[in-house]
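Peer 1: This is the structure, below, for whatever I ask next.
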Amino acid sequence: MVSRNVPHEYFLLDAARTDGPVIGHLRGRPISALVIDRNGGRYRFVGVAARDGQGRLDVLSLKRGEWIVAPDLVYERAA
């Protein structure tokens with residue numbers, strides 16, 4: 001389900017850099033196993049973000065601690 005009340009921008013992680021191996025590609029862009037945010041927080045790849053029939057990101061399908069990294073990649077905080 002897509003929320004019209006919650007902007008998807010609230011769920012975007014601004015990854016400053018990638019880390020670890022490339023584990024795949026999405027739309028011609030590499031998927032990194034890990035990303036690091038501007039504060040040094042590390043996040044690991046867990047999947048691809050869902051979209052509805054109109055192309056809107058389904059942010060309500062994210063689990064607690066998951067963030068979207070462009071293009072539509074889902075990462076969670078690494079322990």
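If you're wondering about the labels, chains in the structure tokens are A, B, ... by order shown, residues count from 1 in each chain, ligands from 1 in order shown.
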Please report, as a tab-separated table, each residue of range 30-68 of chain A lying at most 6 Å from range 6-23 of chain A, together with the nearest pair of atoms and the separation in Å rounded to one decimal; use only C-alpha atoms, and order rows by chain and ascending residue number.
Peer 2:
residue	atom	partner	partner_atom	distance
A:Ile31	CA	A:Val22	CA	5.5
A:Ser32	CA	A:Val22	CA	4.5
A:Ala33	CA	A:Gly20	CA	5.4
A:Leu34	CA	A:Asp19	CA	4.9
A:Val35	CA	A:Thr18	CA	4.3
A:Ile36	CA	A:Arg17	CA	5.4
A:Asp37	CA	A:Ala15	CA	4.4
A:Arg38	CA	A:Ala16	CA	5.3
A:Trp67	CA	A:Phe11	CA	5.4
A:Ile68	CA	A:Leu12	CA	4.7
Peer 1: Could you dump the residues just selected with N, CA, C and O atoms as an mmCIF file, in the first residue's frame?
Peer 2:
data_model
loop_
_atom_site.group_PDB
_atom_site.id
_atom_site.type_symbol
_atom_site.label_atom_id
_atom_site.label_comp_id
_atom_site.auth_asym_id
_atom_site.auth_seq_id
_atom_site.Cartn_x
_atom_site.Cartn_y
_atom_site.Cartn_z
ATOM 1 N N ILE A 31 24.799 -2.520 -7.698
ATOM 2 C CA ILE A 31 24.249 -2.629 -6.347
ATOM 3 C C ILE A 31 25.406 -3.007 -5.434
ATOM 4 O O ILE A 31 26.012 -4.066 -5.588
ATOM 5 N N SER A 32 25.716 -2.139 -4.506
ATOM 6 C CA SER A 32 26.793 -2.387 -3.561
ATOM 7 C C SER A 32 26.258 -3.152 -2.358
ATOM 8 O O SER A 32 25.136 -2.892 -1.905
ATOM 9 N N ALA A 33 27.049 -4.060 -1.826
ATOM 10 C CA ALA A 33 26.643 -4.824 -0.649
ATOM 11 C C ALA A 33 26.418 -3.916 0.549
ATOM 12 O O ALA A 33 25.537 -4.159 1.361
ATOM 13 N N LEU A 34 27.200 -2.840 0.640
ATOM 14 C CA LEU A 34 27.101 -1.908 1.757
ATOM 15 C C LEU A 34 27.164 -0.474 1.271
ATOM 16 O O LEU A 34 27.817 -0.186 0.269
ATOM 17 N N VAL A 35 26.482 0.415 1.996
ATOM 18 C CA VAL A 35 26.640 1.847 1.786
ATOM 19 C C VAL A 35 26.922 2.476 3.144
ATOM 20 O O VAL A 35 26.567 1.932 4.189
ATOM 21 N N ILE A 36 27.575 3.633 3.102
ATOM 22 C CA ILE A 36 27.921 4.357 4.321
ATOM 23 C C ILE A 36 27.344 5.757 4.205
ATOM 24 O O ILE A 36 27.559 6.443 3.198
ATOM 25 N N ASP A 37 26.608 6.184 5.238
ATOM 26 C CA ASP A 37 26.014 7.524 5.196
ATOM 27 C C ASP A 37 27.046 8.576 5.619
ATOM 28 O O ASP A 37 28.178 8.253 5.984
ATOM 29 N N ARG A 38 26.638 9.818 5.586
ATOM 30 C CA ARG A 38 27.564 10.922 5.874
ATOM 31 C C ARG A 38 28.046 10.955 7.321
ATOM 32 O O ARG A 38 29.046 11.595 7.632
ATOM 33 N N TRP A 67 15.810 1.685 4.716
ATOM 34 C CA TRP A 67 15.868 2.961 4.018
ATOM 35 C C TRP A 67 16.010 2.709 2.531
ATOM 36 O O TRP A 67 16.560 1.702 2.111
ATOM 37 N N ILE A 68 15.552 3.653 1.734
ATOM 38 C CA ILE A 68 15.678 3.550 0.280
ATOM 39 C C ILE A 68 16.885 4.360 -0.162
ATOM 40 O O ILE A 68 17.071 5.504 0.246
#
Peer 1: Among chain A, which ones does DSSP assign to strand (DSSP E or B) (computed from the backbone)? Answer as a PyMOL selection string.
Peer 2: chain A and resi 12+15-26+29-37+42-48+51+57+66-69+73-77
Peer 1: Which residue, A:Arg64, A:Leu73, A:Val59, A:Arg29, has the smallest gap to Val46 in chain A when you use only C-alpha atoms?
Peer 2: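 For Val46 in chain A, the nearest of the given residues is A:Leu73.
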Peer 1: For CA of Asp52 in chain A and CA of Tyr75 in chain A, quote the distance in Å rounded to one decimal.
Peer 2: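 According to the coordinates, CA of Asp52 in chain A and CA of Tyr75 in chain A are separated by 19.5 Å.
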Peer 1: Report, in Å with one decimal, the straight-line distance from CA of Asp72 in chain A to CA of Gly41 in chain A.
Peer 2: 19.2 Å
